[in-house]
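*Asks:* Starting off with a structure, shown below.
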Amino acid sequence: MTQHSSRIFSDLDHYVAHPRLSGLTLSPDGSRLVTSVSTVNTAGDGYSAALWEIDPAGEHPARRLTRSAKGESAPAFSVSGDLYFTSSRPGEKPEQKGAALYRLPAAGGEAELVTRRAGGVSQPHCAQQAPVTLLSAPLLPGASSEQEQEQLHSRREDASVKAILHTGYPVRFWDHDLGPARPSLFALEPAATRGSEPAAASSPDSAASSDSATLSGSATSPVSDDDAAAGTADSEAVNLRHLTEGLGSRFGGEVQLSPDGSFVLISVIVPEARAGQRTALAVVDVASGERRMIADEPGYIFSAGVISPDGRTAAVVRSAQPTPERAPQPQLHLLDLQTGALTRLAAEADLWLSPAAWLPDGSGLLALADQGGRGPVFRVDAASGAVHQVTSEDATYSAVLVHPAGHTAYGVRSSYAHPEEVVSIDLATGEATRLPNPHERPELPGTLSEVTAVGDDGAPVRAWLALPAEASAKDPAPLLLWIHGGPLNSWNAWTWRWNPWLMVAQGYAVLLPDPALSTGYGQEFVQRGWNSWGGHPFTDLMSITDATEAREDIDHTRTAAMGGSFGGYMANWIAGQTDRFSAIVTHASLWALDQFGPTTDMASYWRNELDEYMAAEHSPHLHVEKIVTPMLVIHGDKDYRVPIGEGLRLWYELLAKSGLPADEDGQTAHRFLYFPDENHWVLSPSHAKIWYQVVSGFLAEHLLGTASELPAELGLTAPAAD
């Protein structure tokens, strides 16, 4: 898979078509690595993923494993080396649309359909030491069998009913509605053994099953896909035995299966007063379905982590629920899976460590954390809790797995110098080696360096600076201040949605700062911006902008500020605090904090951060009359995290109240780019192109003094002649 890497940042068609790698899974014997690579689908309106195998030894080129039109996802290796995955290939019954579960045998050949069901499936989970496979899949509350699941889906489909009746909170999450189906966990086992005695091993490759809470009747006949190189083979019928029965919407969706497949650690949502909730952990015995709470503490949130090779402990994250006075502080712990006792790890490290993989001998584990604009791999000693940094390159890891021999790890890393790629890591030296990947690194149109400054309270502030190759004292580059979302986040990894190199290719310098609230600089750095977004986060941004504008290769007279989500909030706040910028771009942005808090998809969380003081002192809408900078407002109607009401109110108040109001004809220097069917992110390739084209035109108009060139697809200008 090759692309013209030199054209990616100068041609949007090449940019949106560039392959995008994500995720990693390793076979239990360490001989096979599989990742997902997304490309533009055949309709051109989205992306579909294919599974690719990467040689762990680095001797052979990557090879593609699957080729269906709908794509494949959620790969997981079984103990026998079979590769399970999900795919939305067409089925025989309309009500069974959605992803089905497939298996690619370790011996080779075509993919086999394992199970297809109404409502689809989500994710397989395979034990690494036993033939046990679990399956995450949605289940309608009124269904006690797969037959009833299919009937209820058919009734909703036939009646064109999409209504959802809720009894609790929340009702939305990021970009999708919750319900009526609820996430559930099932043990996958052969239908031929129904009624036999329960056993710990339950998968299509074993004779284990249970007669309790079994959902039978799933369709399992082979399917074909004319576009798939991975075809089908005969497969036996299977049962789905419900393991989260009775939890309903309180199943949190996190699943960690023990190495021997005998039990599973899951997350459980615990309702609290005033529509609040916390997350606890429970252990479920796979054979019997017996469930017991293992970690639940009022005032704290738990996240399920990887289970040790001996099955006795799990590395979990425990964090106090935030309050307006106290920022969250995720802490790594060992959880005794028999007693529930917690042991703090890495107590001396000022890091938000996330457990990734145990070392095979159980002596420690690998964990990931942001650190100073990067995201290294760390090793944590299970006995002492001591932390040792493993990798040292300028990159951030999103996944890491350990070879069963224990000497080598494999990870997915990226940085602002390159997109995601798979590497091997020598655990003794920390040296990372790029393996033969499905794609090449694109050629960058400039250079990447760091900028530092001092905040108004003396705190150090740093940023990445992407600079055009031709920028110099004689030809300084106009500057774009890009503000990250989150706000608990860092500009430390490649992003396709806000990619600075597209703007560098147009001659702009792009500043990517980590102000107060950013992760990777210690707890105090987060706390100094907590519940005070317009305070140190704003002054940090101004300090780092001042330091950058002092460079001879930067034109301080031509600058713009841009941000999305929390970054959009900051762009709005900046607009009401200073007129130093020539233009401001605000995407999916918070405008009126008293309005945002109760209408976002997770109001119970934001209630713990945005109190009345915050809304009264730090809401951008209170300063609309002072805005004199032209603003480009961008919002998607399906945004549930920052609802469209924020963008609509911002747009109206800009025209009605700002220092650049609409004229007598209703026209204004401000612009509103509205996407009726996009959410918090602009995901379709065609809309991504529109996003970059409109942003580039707006910046060119106000920073470069050139006429705004709008894409013809907006219907506002005549198309160019062929």
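Ordered as shown in the structure tokens, chains take letters A, B, and onward, while each chain numbers its residues from 1 and ligands are numbered from 1 in the order shown.
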Neighbouring residues of A:Ile634 were defined as those with any atom within 10 Å, considering only C-alpha atoms; residues of the same chain fewer than 2 positions away were excluded. Please report them as a PyMOL selection string.
*Replies:* chain A and resi 564+568+585-589+631-632+636+644+647-648+651+671-675+682+691+694-695
*Asks:* Store the residues picked out above, limited to C-alpha atoms, as a CSV table (one decimal), in the first residue's frame.
*Replies:*
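Wrote part_16.csv, looks like this:
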```csv
chain,number,residue,atom,x,y,z
A,564,GLY,CA,-12.1,22.7,18.7
A,568,GLY,CA,-13.1,26.1,20.7
A,585,VAL,CA,-11.7,29.7,14.0
A,586,THR,CA,-13.9,28.0,16.6
A,587,HIS,CA,-15.1,24.4,16.1
A,588,ALA,CA,-17.7,22.5,18.2
A,589,SER,CA,-17.1,25.1,20.9
A,631,MET,CA,-14.8,34.5,13.5
A,632,LEU,CA,-15.5,31.3,11.6
A,636,GLY,CA,-22.2,19.6,13.5
A,644,ILE,CA,-25.6,22.4,18.4
A,647,GLY,CA,-23.1,26.9,18.0
A,648,LEU,CA,-26.5,28.4,17.2
A,651,TRP,CA,-23.8,32.5,15.8
A,671,ARG,CA,-19.0,32.9,9.0
A,672,PHE,CA,-20.9,29.8,10.1
A,673,LEU,CA,-20.0,26.4,8.5
A,674,TYR,CA,-22.8,24.0,9.5
A,675,PHE,CA,-22.8,20.3,9.0
A,682,VAL,CA,-16.2,15.9,10.8
A,691,TRP,CA,-13.7,21.8,6.4
A,694,VAL,CA,-13.3,26.8,4.1
A,695,VAL,CA,-10.8,27.2,7.0
```
*Asks:* Taking 2 positions as the minimum chain separation for residues in the same chain, which residues sit within 12 Å of A:Ala43 when counting only C-alpha atoms? Answer as JSON, numbers by chain.
*Replies:* {"A": [39, 40, 41, 45, 46, 47, 48, 69, 70, 684, 685, 686]}
*Asks:* Grab the residues selected above and save them as an mmCIF file, in the first residue's frame with C-alpha atoms.
*Replies:*
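This is the output file selection.cif:
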```cif
data_model
loop_
_atom_site.group_PDB
_atom_site.id
_atom_site.type_symbol
_atom_site.label_atom_id
_atom_site.label_comp_id
_atom_site.auth_asym_id
_atom_site.auth_seq_id
_atom_site.Cartn_x
_atom_site.Cartn_y
_atom_site.Cartn_z
ATOM 1 C CA THR A 39 -9.158 3.734 3.721
ATOM 2 C CA VAL A 40 -11.935 5.615 1.936
ATOM 3 C CA ASN A 41 -14.824 3.242 1.227
ATOM 4 C CA ASP A 45 -18.630 8.846 2.061
ATOM 5 C CA GLY A 46 -16.638 7.269 4.869
ATOM 6 C CA TYR A 47 -13.837 4.916 5.832
ATOM 7 C CA SER A 48 -13.695 1.146 6.115
ATOM 8 C CA ALA A 69 -16.571 -3.754 1.081
ATOM 9 C CA LYS A 70 -17.909 -3.063 4.577
ATOM 10 C CA SER A 684 -16.684 11.913 6.087
ATOM 11 C CA PRO A 685 -13.912 12.451 3.510
ATOM 12 C CA SER A 686 -15.906 14.962 1.465
#
```
*Asks:* Find the residue from A:Val400, A:Ala477, A:Leu366, A:Ala74 that sits nearest to A:Ser88; use only C-alpha atoms when measuring.
*Replies:*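 Between A:Val400, A:Ala477, A:Leu366, A:Ala74, the residue approaching A:Ser88 most closely is A:Ala74.
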*Asks:* For A:Gly705, please output as a list in words all residues within 12 Å (counting only C-alpha atoms; exclusion window: fewer than 4 positions along the same chain).
*Replies:*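 In the requested format, the answer is Pro478, Arg558, Ser582, Ala583, Gly697, Phe698, Leu699, Ala700, Glu701 and Glu709 of chain A.
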*Asks:* Generate the output file for the selected residues, C-alpha atoms, as a PDB file, in the first residue's frame.
*Replies:*
```pdb
ATOM      1  CA  PRO A 478       2.168  33.956   9.442  1.00  0.00           C
ATOM      2  CA  ARG A 558      -0.418  38.050  10.745  1.00  0.00           C
ATOM      3  CA  SER A 582      -6.564  38.769  12.695  1.00  0.00           C
ATOM      4  CA  ALA A 583      -9.014  35.852  12.623  1.00  0.00           C
ATOM      5  CA  GLY A 697     -10.109  30.391   2.557  1.00  0.00           C
ATOM      6  CA  PHE A 698     -11.115  32.244   5.727  1.00  0.00           C
ATOM      7  CA  LEU A 699      -7.505  32.462   6.905  1.00  0.00           C
ATOM      8  CA  ALA A 700      -6.248  33.552   3.496  1.00  0.00           C
ATOM      9  CA  GLU A 701      -8.797  36.361   3.445  1.00  0.00           C
ATOM     10  CA  GLU A 709     -11.811  30.680  -2.675  1.00  0.00           C
TER      11      GLU A 709
END
```
*Asks:* Write out as a ChimeraX atom specification which residues come within 10 Å of A:Glu524 when counting only C-alpha atoms, dropping same-chain ones fewer than 5 positions away.
*Replies:* /A:327,350,459,516-517,529-530
*Asks:* Could you give me, as a PyMOL selection string, the residues within 10 Å of A:Gly142, counting only C-alpha atoms and dropping anything in the same chain fewer than 4 positions from it?
*Replies:* chain A and resi 148-149+152+180-181
*Asks:* Could you please take those selected residues and save C-alpha atoms as a JSON list (two decimals), in the first residue's frame?
*Replies:*
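This is the output file selection_37.json:
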```json
[["chain", "number", "residue", "atom", "x", "y", "z"],
["A", 148, "GLU", "CA", -37.09, -12.73, 20.85],
["A", 149, "GLN", "CA", -34.19, -10.39, 20.07],
["A", 152, "LEU", "CA", -38.28, -7.26, 18.60],
["A", 180, "PRO", "CA", -33.00, 0.75, 23.52],
["A", 181, "ALA", "CA", -30.47, -2.12, 23.20]]
```
*Asks:* Near stretch 425-441 of chain A, within 10 Å and counting only C-alpha atoms, which residues show up once chain neighbours fewer than 5 positions away are dropped, as an MDAnalysis selection string?
*Replies:* chainID A and resid 1:6 18:21 35:37 52:64 366 377:379 389:393 400:402 406:413 417:420
*Asks:* Could you save those same residues with N, CA and C atoms as a CSV table (one decimal), in the first residue's frame?
*Replies:*
```csv
chain,number,residue,atom,x,y,z
A,1,MET,N,0.8,-1.2,0.0
A,1,MET,CA,0.0,0.0,0.0
A,1,MET,C,0.9,1.2,0.0
A,2,THR,N,0.9,1.9,-1.1
A,2,THR,CA,1.8,3.1,-1.2
A,2,THR,C,0.9,4.3,-1.6
A,3,GLN,N,1.4,5.5,-1.2
A,3,GLN,CA,0.7,6.7,-1.6
A,3,GLN,C,1.8,7.7,-2.1
A,4,HIS,N,1.4,8.7,-2.9
A,4,HIS,CA,2.4,9.7,-3.2
A,4,HIS,C,2.6,10.6,-2.0
A,5,SER,N,3.5,10.3,-1.1
A,5,SER,CA,3.7,10.9,0.1
A,5,SER,C,4.0,12.4,0.0
A,6,SER,N,4.6,12.8,-1.1
A,6,SER,CA,5.0,14.2,-1.3
A,6,SER,C,3.8,15.1,-1.6
A,18,HIS,N,-5.3,8.9,2.3
A,18,HIS,CA,-4.1,8.2,2.9
A,18,HIS,C,-4.5,7.2,3.9
A,19,PRO,N,-4.0,6.0,3.9
A,19,PRO,CA,-4.3,4.9,4.9
A,19,PRO,C,-4.1,5.4,6.3
A,20,ARG,N,-4.9,4.9,7.2
A,20,ARG,CA,-4.9,5.3,8.6
A,20,ARG,C,-4.9,4.1,9.5
A,21,LEU,N,-3.8,3.9,10.2
A,21,LEU,CA,-3.5,2.7,11.0
A,21,LEU,C,-4.0,2.9,12.4
A,35,THR,N,-3.0,-5.5,12.7
A,35,THR,CA,-3.5,-4.2,12.9
A,35,THR,C,-4.6,-3.9,11.9
A,36,SER,N,-5.3,-2.7,12.1
A,36,SER,CA,-6.4,-2.3,11.2
A,36,SER,C,-5.9,-1.1,10.5
A,37,VAL,N,-6.2,-1.1,9.2
A,37,VAL,CA,-5.9,0.1,8.3
A,37,VAL,C,-7.1,0.6,7.6
A,52,TRP,N,-4.6,-6.2,8.5
A,52,TRP,CA,-3.3,-6.4,7.9
A,52,TRP,C,-2.4,-7.1,8.9
A,53,GLU,N,-1.6,-8.0,8.4
A,53,GLU,CA,-0.6,-8.7,9.3
A,53,GLU,C,0.8,-8.1,9.1
A,54,ILE,N,1.5,-7.9,10.2
A,54,ILE,CA,2.8,-7.4,10.2
A,54,ILE,C,3.8,-8.4,10.8
A,55,ASP,N,4.9,-8.6,10.2
A,55,ASP,CA,5.8,-9.6,10.6
A,55,ASP,C,6.6,-9.1,11.9
A,56,PRO,N,6.4,-9.8,13.0
A,56,PRO,CA,7.1,-9.3,14.2
A,56,PRO,C,8.6,-9.3,14.1
A,57,ALA,N,9.1,-10.2,13.3
A,57,ALA,CA,10.6,-10.2,13.1
A,57,ALA,C,11.1,-9.1,12.2
A,58,GLY,N,10.2,-8.5,11.4
A,58,GLY,CA,10.6,-7.4,10.5
A,58,GLY,C,11.2,-7.9,9.2
A,59,GLU,N,11.0,-9.1,8.9
A,59,GLU,CA,11.7,-9.7,7.7
A,59,GLU,C,10.8,-9.7,6.5
A,60,HIS,N,9.5,-9.7,6.6
A,60,HIS,CA,8.6,-9.8,5.5
A,60,HIS,C,7.7,-8.5,5.4
A,61,PRO,N,7.3,-8.1,4.2
A,61,PRO,CA,6.4,-7.0,4.1
A,61,PRO,C,5.0,-7.3,4.7
A,62,ALA,N,4.3,-6.2,5.1
A,62,ALA,CA,3.0,-6.4,5.6
A,62,ALA,C,2.1,-7.0,4.5
A,63,ARG,N,1.1,-7.8,5.0
A,63,ARG,CA,0.2,-8.4,4.0
A,63,ARG,C,-1.3,-8.2,4.5
A,64,ARG,N,-2.1,-7.9,3.5
A,64,ARG,CA,-3.6,-7.7,3.8
A,64,ARG,C,-4.3,-9.1,4.0
A,366,LEU,N,3.8,-3.1,31.7
A,366,LEU,CA,4.0,-1.9,30.9
A,366,LEU,C,2.8,-1.0,30.9
A,377,VAL,N,6.5,4.6,26.8
A,377,VAL,CA,6.2,3.4,27.5
A,377,VAL,C,7.0,3.3,28.8
A,378,PHE,N,6.3,2.9,29.8
A,378,PHE,CA,6.9,2.8,31.2
A,378,PHE,C,6.8,1.4,31.6
A,379,ARG,N,7.8,0.9,32.4
A,379,ARG,CA,7.7,-0.4,33.1
A,379,ARG,C,7.5,-0.1,34.6
A,389,GLN,N,11.2,4.4,32.8
A,389,GLN,CA,10.8,4.8,31.4
A,389,GLN,C,11.6,3.9,30.5
A,390,VAL,N,10.8,3.3,29.5
A,390,VAL,CA,11.4,2.3,28.6
A,390,VAL,C,11.8,3.0,27.3
A,391,THR,N,10.9,3.7,26.7
A,391,THR,CA,11.2,4.4,25.4
A,391,THR,C,11.5,5.8,25.6
A,392,SER,N,12.3,6.4,24.7
A,392,SER,CA,12.8,7.8,24.8
A,392,SER,C,12.6,8.6,23.6
A,393,GLU,N,12.1,8.1,22.5
A,393,GLU,CA,12.0,8.9,21.3
A,393,GLU,C,10.9,9.9,21.4
A,400,VAL,N,0.5,-1.1,23.4
A,400,VAL,CA,1.8,-1.9,23.5
A,400,VAL,C,1.4,-3.3,24.1
A,401,LEU,N,2.1,-4.3,23.5
A,401,LEU,CA,1.9,-5.7,23.8
A,401,LEU,C,3.2,-6.3,24.0
A,402,VAL,N,3.3,-7.4,24.8
A,402,VAL,CA,4.6,-8.0,25.1
A,402,VAL,C,4.6,-9.4,24.5
A,406,GLY,N,9.1,-12.3,26.7
A,406,GLY,CA,9.4,-11.2,27.7
A,406,GLY,C,10.5,-10.3,27.3
A,407,HIS,N,11.2,-10.5,26.2
A,407,HIS,CA,12.3,-9.6,25.9
A,407,HIS,C,11.9,-8.4,24.9
A,408,THR,N,10.8,-8.6,24.2
A,408,THR,CA,10.4,-7.7,23.2
A,408,THR,C,8.9,-7.2,23.4
A,409,ALA,N,8.7,-6.0,23.1
A,409,ALA,CA,7.3,-5.5,23.1
A,409,ALA,C,7.0,-5.0,21.7
A,410,TYR,N,5.7,-4.9,21.4
A,410,TYR,CA,5.3,-4.3,20.1
A,410,TYR,C,4.3,-3.2,20.4
A,411,GLY,N,4.4,-2.1,19.7
A,411,GLY,CA,3.5,-0.9,20.0
A,411,GLY,C,3.1,-0.2,18.8
A,412,VAL,N,2.1,0.7,18.9
A,412,VAL,CA,1.7,1.6,17.9
A,412,VAL,C,2.1,3.0,18.4
A,413,ARG,N,2.9,3.7,17.7
A,413,ARG,CA,3.3,5.0,18.1
A,413,ARG,C,3.0,6.0,17.0
A,417,ALA,N,5.7,14.2,13.7
A,417,ALA,CA,6.5,14.0,12.6
A,417,ALA,C,6.0,12.8,11.7
A,418,HIS,N,5.1,12.0,12.2
A,418,HIS,CA,4.6,10.9,11.4
A,418,HIS,C,3.3,10.3,12.0
A,419,PRO,N,2.5,9.7,11.2
A,419,PRO,CA,1.3,9.1,11.7
A,419,PRO,C,1.5,7.8,12.4
A,420,GLU,N,0.5,7.1,12.8
A,420,GLU,CA,0.6,5.8,13.5
A,420,GLU,C,1.4,4.8,12.7
```
*Asks:* Which residue gives the smallest distance to A:Glu245 among A:His680, A:Arg155, A:Arg291, A:Lys689, with only C-alpha atoms counted?
*Replies:*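 With only C-alpha atoms as the atom set, the closest residue is A:Arg291.
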*Asks:* May I have all residues of stretch 247-367 of chain A that DSSP, computed from the backbone, assigns to strand (DSSP E), given as number ranges by chain?
*Replies:* A: 251-257, 263-272, 276-285, 291-295, 300-303, 313-320, 331-336, 342-344, 354-358, 364-367
*Asks:* Selection from above, C-alpha atoms, as a JSON list (two decimals), in the first residue's frame, can you write it?
*Replies:*
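The resulting file, again21.json, is reproduced below:
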```
[["chain", "number", "residue", "atom", "x", "y", "z"],
["A", 251, "PHE", "CA", -22.89, -2.93, 32.52],
["A", 252, "GLY", "CA", -20.14, -0.43, 31.82],
["A", 253, "GLY", "CA", -18.71, -2.22, 28.78],
["A", 254, "GLU", "CA", -15.13, -2.74, 29.99],
["A", 255, "VAL", "CA", -14.02, -6.39, 29.71],
["A", 256, "GLN", "CA", -10.78, -8.03, 30.87],
["A", 257, "LEU", "CA", -10.77, -11.82, 30.45],
["A", 263, "PHE", "CA", -13.38, -15.39, 35.00],
["A", 264, "VAL", "CA", -13.79, -11.91, 33.59],
["A", 265, "LEU", "CA", -13.32, -8.48, 35.18],
["A", 266, "ILE", "CA", -16.02, -6.02, 34.06],
["A", 267, "SER", "CA", -16.99, -2.44, 34.78],
["A", 268, "VAL", "CA", -20.33, -1.74, 36.47],
["A", 269, "ILE", "CA", -22.15, 1.60, 36.55],
["A", 270, "VAL", "CA", -23.42, 2.46, 40.03],
["A", 271, "PRO", "CA", -26.26, 5.04, 40.01],
["A", 272, "GLU", "CA", -25.96, 7.92, 42.46],
["A", 276, "GLY", "CA", -24.96, 10.96, 39.06],
["A", 277, "GLN", "CA", -22.99, 7.78, 38.67],
["A", 278, "ARG", "CA", -19.67, 6.15, 39.48],
["A", 279, "THR", "CA", -17.89, 3.18, 37.92],
["A", 280, "ALA", "CA", -17.10, 0.05, 39.93],
["A", 281, "LEU", "CA", -15.62, -3.35, 39.05],
["A", 282, "ALA", "CA", -17.05, -6.85, 39.31],
["A", 283, "VAL", "CA", -15.71, -10.36, 38.76],
["A", 284, "VAL", "CA", -17.88, -12.81, 36.80],
["A", 285, "ASP", "CA", -17.25, -16.56, 36.85],
["A", 291, "ARG", "CA", -21.02, -12.21, 39.78],
["A", 292, "ARG", "CA", -19.48, -10.41, 42.75],
["A", 293, "MET", "CA", -18.47, -6.81, 43.22],
["A", 294, "ILE", "CA", -14.72, -6.50, 43.80],
["A", 295, "ALA", "CA", -14.03, -2.73, 43.76],
["A", 300, "TYR", "CA", -14.12, 7.10, 43.30],
["A", 301, "ILE", "CA", -14.15, 5.79, 39.75],
["A", 302, "PHE", "CA", -12.47, 2.51, 38.77],
["A", 303, "SER", "CA", -11.26, 1.44, 35.34],
["A", 313, "THR", "CA", -4.34, -9.51, 40.46],
["A", 314, "ALA", "CA", -5.32, -6.86, 37.97],
["A", 315, "ALA", "CA", -3.70, -3.52, 37.27],
["A", 316, "VAL", "CA", -6.54, -1.00, 37.58],
["A", 317, "VAL", "CA", -6.91, 2.77, 37.68],
["A", 318, "ARG", "CA", -8.64, 4.40, 40.64],
["A", 319, "SER", "CA", -9.49, 8.09, 40.53],
["A", 320, "ALA", "CA", -11.35, 10.36, 42.93],
["A", 331, "GLN", "CA", -3.74, 6.46, 40.11],
["A", 332, "LEU", "CA", -2.43, 3.02, 39.20],
["A", 333, "HIS", "CA", -3.20, 0.19, 41.65],
["A", 334, "LEU", "CA", -2.93, -3.57, 41.92],
["A", 335, "LEU", "CA", -6.30, -5.12, 42.74],
["A", 336, "ASP", "CA", -6.34, -8.47, 44.55],
["A", 342, "LEU", "CA", -5.75, -2.33, 46.62],
["A", 343, "THR", "CA", -2.01, -1.64, 46.48],
["A", 344, "ARG", "CA", -0.82, 1.68, 45.09],
["A", 354, "SER", "CA", -2.64, 3.57, 32.10],
["A", 355, "PRO", "CA", -1.87, -0.19, 32.33],
["A", 356, "ALA", "CA", -1.24, -1.84, 28.96],
["A", 357, "ALA", "CA", 0.34, -5.31, 29.31],
["A", 358, "TRP", "CA", 1.88, -7.58, 31.94],
["A", 364, "GLY", "CA", 5.73, -6.03, 36.42],
["A", 365, "LEU", "CA", 3.75, -4.45, 33.67],
["A", 366, "LEU", "CA", 4.04, -1.92, 30.87],
["A", 367, "ALA", "CA", 2.00, 1.26, 31.12]]
```
*Asks:* Tell me which protein, DNA and RNA residues are within 8 Å of A:Gly563, counting only C-alpha atoms, leaving out same-chain ones fewer than 6 positions away, and put them as a ChimeraX atom specification.
*Replies:* /A:482-485,569-571,585-587
*Asks:* So how many Å separate atom CA of A:Asp158 and atom CA of A:Lys97, to one decimal?
*Replies:*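 Computed distance, atom CA of A:Asp158 to atom CA of A:Lys97, equals 13.5 Å.
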*Asks:* For A:Tyr84, which residue out of A:Ala547, A:Leu65, A:Ala712, A:Leu654 is the nearest one, using only C-alpha atoms?
*Replies:* A:Leu65
*Asks:* So the first atom is atom CA of A:Thr519 and the second is atom CA of A:Pro460; what is the distance between them in Å, to one decimal place?
*Replies:* 13.5 Å
